[in-house]
Structures are given as structure tokens and as C-alpha cells.
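Undergrad: Here you go, this is coords35.cif (mmCIF, C-alpha atoms and all ligand atoms).
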```
data_run
#
loop_
_atom_site.label_atom_id
_atom_site.label_comp_id
_atom_site.auth_asym_id
_atom_site.auth_seq_id
_atom_site.Cartn_x
_atom_site.Cartn_y
_atom_site.Cartn_z
CA MET A 576 -19.05 10.45 -37.01
CA ILE A 577 -21.29 9.39 -34.19
CA LEU A 578 -24.10 11.66 -33.15
CA SER A 579 -24.82 11.29 -29.50
CA SER A 580 -26.20 13.16 -26.56
CA ASP A 581 -23.85 11.40 -24.15
CA LYS A 582 -22.04 13.94 -22.06
CA PRO A 583 -18.29 13.49 -21.57
CA ALA A 584 -17.19 12.61 -18.03
CA TRP A 585 -15.59 16.03 -17.53
CA TRP A 586 -18.74 17.95 -18.51
CA ASN A 587 -20.50 19.93 -15.77
CA ASP A 588 -23.30 22.47 -15.24
CA GLN A 589 -20.90 25.39 -15.00
CA LEU A 590 -19.49 24.65 -18.47
CA ARG A 591 -23.02 24.25 -19.80
CA ASP A 592 -24.12 27.59 -18.34
CA GLU A 593 -21.04 29.33 -19.68
CA CYS A 594 -21.54 27.93 -23.21
CA ILE A 595 -25.16 29.04 -23.19
CA LEU A 596 -24.21 32.50 -21.94
CA LEU A 597 -21.65 32.88 -24.74
CA ALA A 598 -24.22 31.71 -27.29
CA LYS A 599 -26.73 34.26 -25.97
CA ARG A 600 -24.20 37.09 -25.91
CA ALA A 601 -23.23 36.42 -29.53
CA LEU A 602 -26.82 36.69 -30.79
CA PRO A 603 -27.87 37.15 -33.51
CA ASN A 604 -24.54 35.65 -34.56
CA GLU A 605 -22.80 32.35 -33.90
CA ALA A 606 -20.48 31.79 -30.94
CA PHE A 607 -17.38 29.62 -30.97
CA GLY A 608 -14.92 28.38 -28.38
CA LEU A 609 -12.94 25.50 -26.96
CA VAL A 610 -13.18 23.56 -23.72
CA CYS A 611 -9.63 23.04 -22.50
CA ARG A 612 -7.58 21.75 -19.64
CA LEU A 613 -4.89 24.44 -19.64
CA SER A 614 -2.49 22.09 -17.88
CA PRO A 615 -2.79 18.51 -16.61
CA GLY A 616 -5.03 18.24 -13.56
CA ASN A 617 -6.68 21.63 -14.13
CA ASP A 618 -10.44 21.87 -14.25
CA PRO A 619 -11.85 22.20 -17.77
CA GLU A 620 -12.45 25.79 -18.80
CA ILE A 621 -13.75 27.65 -21.79
CA VAL A 622 -11.48 29.58 -24.10
CA THR A 623 -12.78 32.00 -26.72
CA PHE A 624 -11.06 33.92 -29.48
CA PRO A 625 -11.58 37.28 -31.10
CA GLY A 626 -12.93 36.91 -34.60
CA PHE A 627 -15.75 37.49 -36.96
CA SER A 628 -19.15 35.86 -36.87
CA THR A 629 -22.47 36.08 -38.65
CA GLU A 630 -25.80 34.32 -38.20
CA THR A 631 -24.49 31.29 -40.07
CA GLN A 632 -20.72 31.20 -39.67
CA PHE A 633 -17.72 32.29 -37.66
CA ASP A 634 -14.02 32.79 -38.13
CA ALA A 635 -11.57 32.98 -35.26
CA GLU A 636 -8.62 35.31 -35.68
CA ALA A 637 -5.76 33.09 -36.85
CA GLN A 638 -3.01 34.76 -34.83
CA SER A 639 -4.94 34.35 -31.58
CA VAL A 640 -5.59 30.69 -32.31
CA ILE A 641 -1.94 30.02 -33.13
CA ARG A 642 -0.74 31.87 -30.03
CA PHE A 643 -3.16 29.85 -27.91
CA ALA A 644 -2.06 26.56 -29.50
CA TYR A 645 1.60 27.23 -28.66
CA ARG A 646 0.67 28.28 -25.12
CA LEU A 647 -1.28 25.06 -24.66
CA LEU A 648 1.65 23.06 -25.96
CA ALA A 649 3.99 24.81 -23.51
CA THR A 650 1.77 24.02 -20.51
CA ASN A 651 1.00 20.48 -21.70
CA GLY A 652 -2.68 21.34 -21.88
CA THR A 653 -5.37 19.61 -23.89
CA VAL A 654 -8.39 20.63 -25.89
CA LEU A 655 -11.30 18.50 -24.66
CA ALA A 656 -13.93 19.80 -27.04
CA SER A 657 -14.90 22.57 -29.39
CA PHE A 658 -18.29 24.21 -29.33
CA HIS A 659 -20.30 26.59 -31.45
CA SER A 660 -23.85 27.81 -31.68
CA HIS A 661 -26.52 27.79 -34.37
CA PRO A 662 -28.79 30.75 -33.65
CA ASN A 663 -31.02 29.63 -36.55
CA GLY A 664 -31.76 26.36 -34.74
CA ARG A 665 -30.07 24.03 -37.23
CA THR A 666 -29.30 20.79 -35.39
CA SER A 667 -26.84 19.27 -37.86
CA LEU A 668 -23.21 20.10 -38.54
CA SER A 669 -22.20 21.52 -41.89
CA ARG A 670 -19.15 20.17 -43.68
CA ARG A 671 -17.27 23.22 -42.47
CA ASP A 672 -18.34 22.52 -38.89
CA CYS A 673 -16.76 19.08 -39.14
CA SER A 674 -13.32 20.69 -39.40
CA LEU A 675 -13.77 21.51 -35.71
CA PHE A 676 -12.93 17.86 -35.02
CA ASP A 677 -9.34 18.83 -35.79
CA TRP A 678 -9.38 20.32 -32.29
CA ALA A 679 -10.85 17.45 -30.31
CA ARG A 680 -12.97 14.31 -30.68
CA VAL A 681 -15.95 16.02 -29.08
CA HIS A 682 -17.91 18.88 -30.57
CA ILE A 683 -20.75 20.52 -28.70
CA LEU A 684 -23.42 22.12 -30.84
CA LEU A 685 -25.82 24.57 -29.23
CA SER A 686 -28.96 24.94 -31.33
CA ARG A 687 -31.43 27.66 -30.51
CA THR A 688 -34.97 26.59 -29.74
CA ASN A 689 -38.09 28.61 -28.97
CA ASP A 690 -37.38 28.63 -25.28
CA GLY A 691 -33.62 28.27 -25.02
CA TRP A 692 -30.83 26.06 -26.36
CA THR A 693 -30.40 22.37 -27.09
CA LEU A 694 -26.92 20.97 -26.58
CA MET A 695 -25.77 18.04 -28.71
CA PHE A 696 -22.51 16.23 -28.13
CA HIS A 697 -21.01 15.03 -31.39
CA THR A 698 -18.18 12.57 -30.99
CA SER A 699 -15.79 11.67 -33.76
CA SER A 700 -15.23 7.96 -34.16
CA SER A 701 -11.59 8.53 -35.07
CA GLU A 702 -9.18 8.02 -32.18
CA ASP A 703 -6.25 9.84 -33.69
CA LEU A 704 -7.52 13.36 -34.12
CA HIS A 705 -5.29 15.87 -32.46
CA ILE A 706 -3.28 18.90 -33.36
CA SER A 707 0.36 18.44 -34.12
CA LEU A 708 2.62 21.46 -34.05
ZN ZN A 801 -22.26 25.51 -37.62
#
```
Spit out the file's structure as C-alpha cells when you get a sec.
Ligand SMILES: [Zn+2]
TA:
Amino acid sequence: MILSSDKPAWWNDQLRDECILLAKRALPNEAFGLVCRLSPGNDPEIVTFPGFSTETQFDAEAQSVIRFAYRLLATNGTVLASFHSHPNGRTSLSRRDCSLFDWARVHILLSRTNDGWTLMFHTSSSEDLHISL
């Protein structure tokens, strides 16, 4: 895995603001979501799932995730990145966090700092990570 702060070409301030807002709203717990193009040519948007989260972990409701995956398949959409927050400020990914690369090559980690959030773009070096249904 490559750790980098390089932003993907599709990244923009609106997505950044929305990720930060979701991270803030979830406090003191973690937030989780995906950045998706719901169909080809659409602007990237953020998708979140109902679930369970604590200060150090999250679980998205499986049925919602599966329903979303089939919907995305039907509209020929793509998952551009996953994101989640670390309210405790941890800047590294746990082994469990690395499973998020099953969604997309890019993972955005929002780590809480004294005066806000730091965003890190983690990019998997593997080219062939994608979900097959
Ligand atoms: Zn984490």
C-alpha cells in the first residue's frame, strides 16, 4: 500500500466539506461512507449507510450495503473511494481498515486534530481491486 496525500483528479472541495461534516456529525464515533459515481458521467457523490459505530470502529448494515452494490451494478456506477474517520486522531489504518480497499483503490482517512481534521489519501498499489457480484 502506498501512503500519499495526492488527491485523486475527481476530488473537490464539496466532497471534502461533506466528508468533514459527516465526520463531525458522527462524533464521538467514527463515520464511514463511499464516494461513488452512481452512473457513468455523473459527478462523484457521497453515499452513507445505516450501521453501528463506536469511537474506534464501525459496521455498516449488511443488507443496505448489498442493496446498494446491486443498484450500482444496475446503473453501471463505480465506487471511487471509501472514507472513514478516526475521532481519536490515529493517522494510520488498522488491518481491519485495509479491507476497505475491497471497495476501491483509494481510501480517505479523516483524522481528528486539535483544530479540525486531516485528510489522508491512501492508494492501494494493486490495480485489480474491485467488487465482483
Ligand atoms: Zn479506522
Undergrad: Need to verify the contact set: Phe607 in chain A, 8 Å, only C-alpha atoms, exclusion of same-chain residues closer than 5 positions in sequence. Can you return it as a ChimeraX atom specification?
TA: /A:623-624,633,635,657-660
Undergrad: Mind checking which residues fall within 10 Å of Asp672 in chain A, counting only C-alpha atoms, ignoring those fewer than 3 positions away in the same chain, and posting them as a list in words?
TA: Gln632, Phe633, Phe658, His659, Ser667, Leu668, Ser669, Leu675, Phe676, His682 and Leu684 of chain A
Undergrad: Export, as a short mmCIF file (atom, residue, chain, number, x, y, z; two decimals), in the frame of the given file, the selected residues with C-alpha atoms.
TA:
```cif
data_model
loop_
_atom_site.label_atom_id
_atom_site.label_comp_id
_atom_site.auth_asym_id
_atom_site.auth_seq_id
_atom_site.Cartn_x
_atom_site.Cartn_y
_atom_site.Cartn_z
CA GLN A 632 -20.72 31.20 -39.67
CA PHE A 633 -17.72 32.29 -37.66
CA PHE A 658 -18.29 24.21 -29.33
CA HIS A 659 -20.30 26.59 -31.45
CA SER A 667 -26.84 19.27 -37.86
CA LEU A 668 -23.21 20.10 -38.54
CA SER A 669 -22.20 21.52 -41.89
CA LEU A 675 -13.77 21.51 -35.71
CA PHE A 676 -12.93 17.86 -35.02
CA HIS A 682 -17.91 18.88 -30.57
CA LEU A 684 -23.42 22.12 -30.84
#
```
Undergrad: Just how far from CA of Arg612 in chain A is CA of Leu590 in chain A, in Å to one decimal?
TA: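 Straight-line distance from CA of Leu590 in chain A to CA of Arg612 in chain A works out to 12.3 Å.
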Undergrad: Between atom ZN of ligand ZN 801 (chain A) and CA of Thr631 in chain A, what is the distance in Å, rounded to a tenth?
TA: 6.7 Å
Undergrad: Between CA of Pro625 in chain A and CA of Tyr645 in chain A, what is the spacing in Å?
TA: 16.8 Å
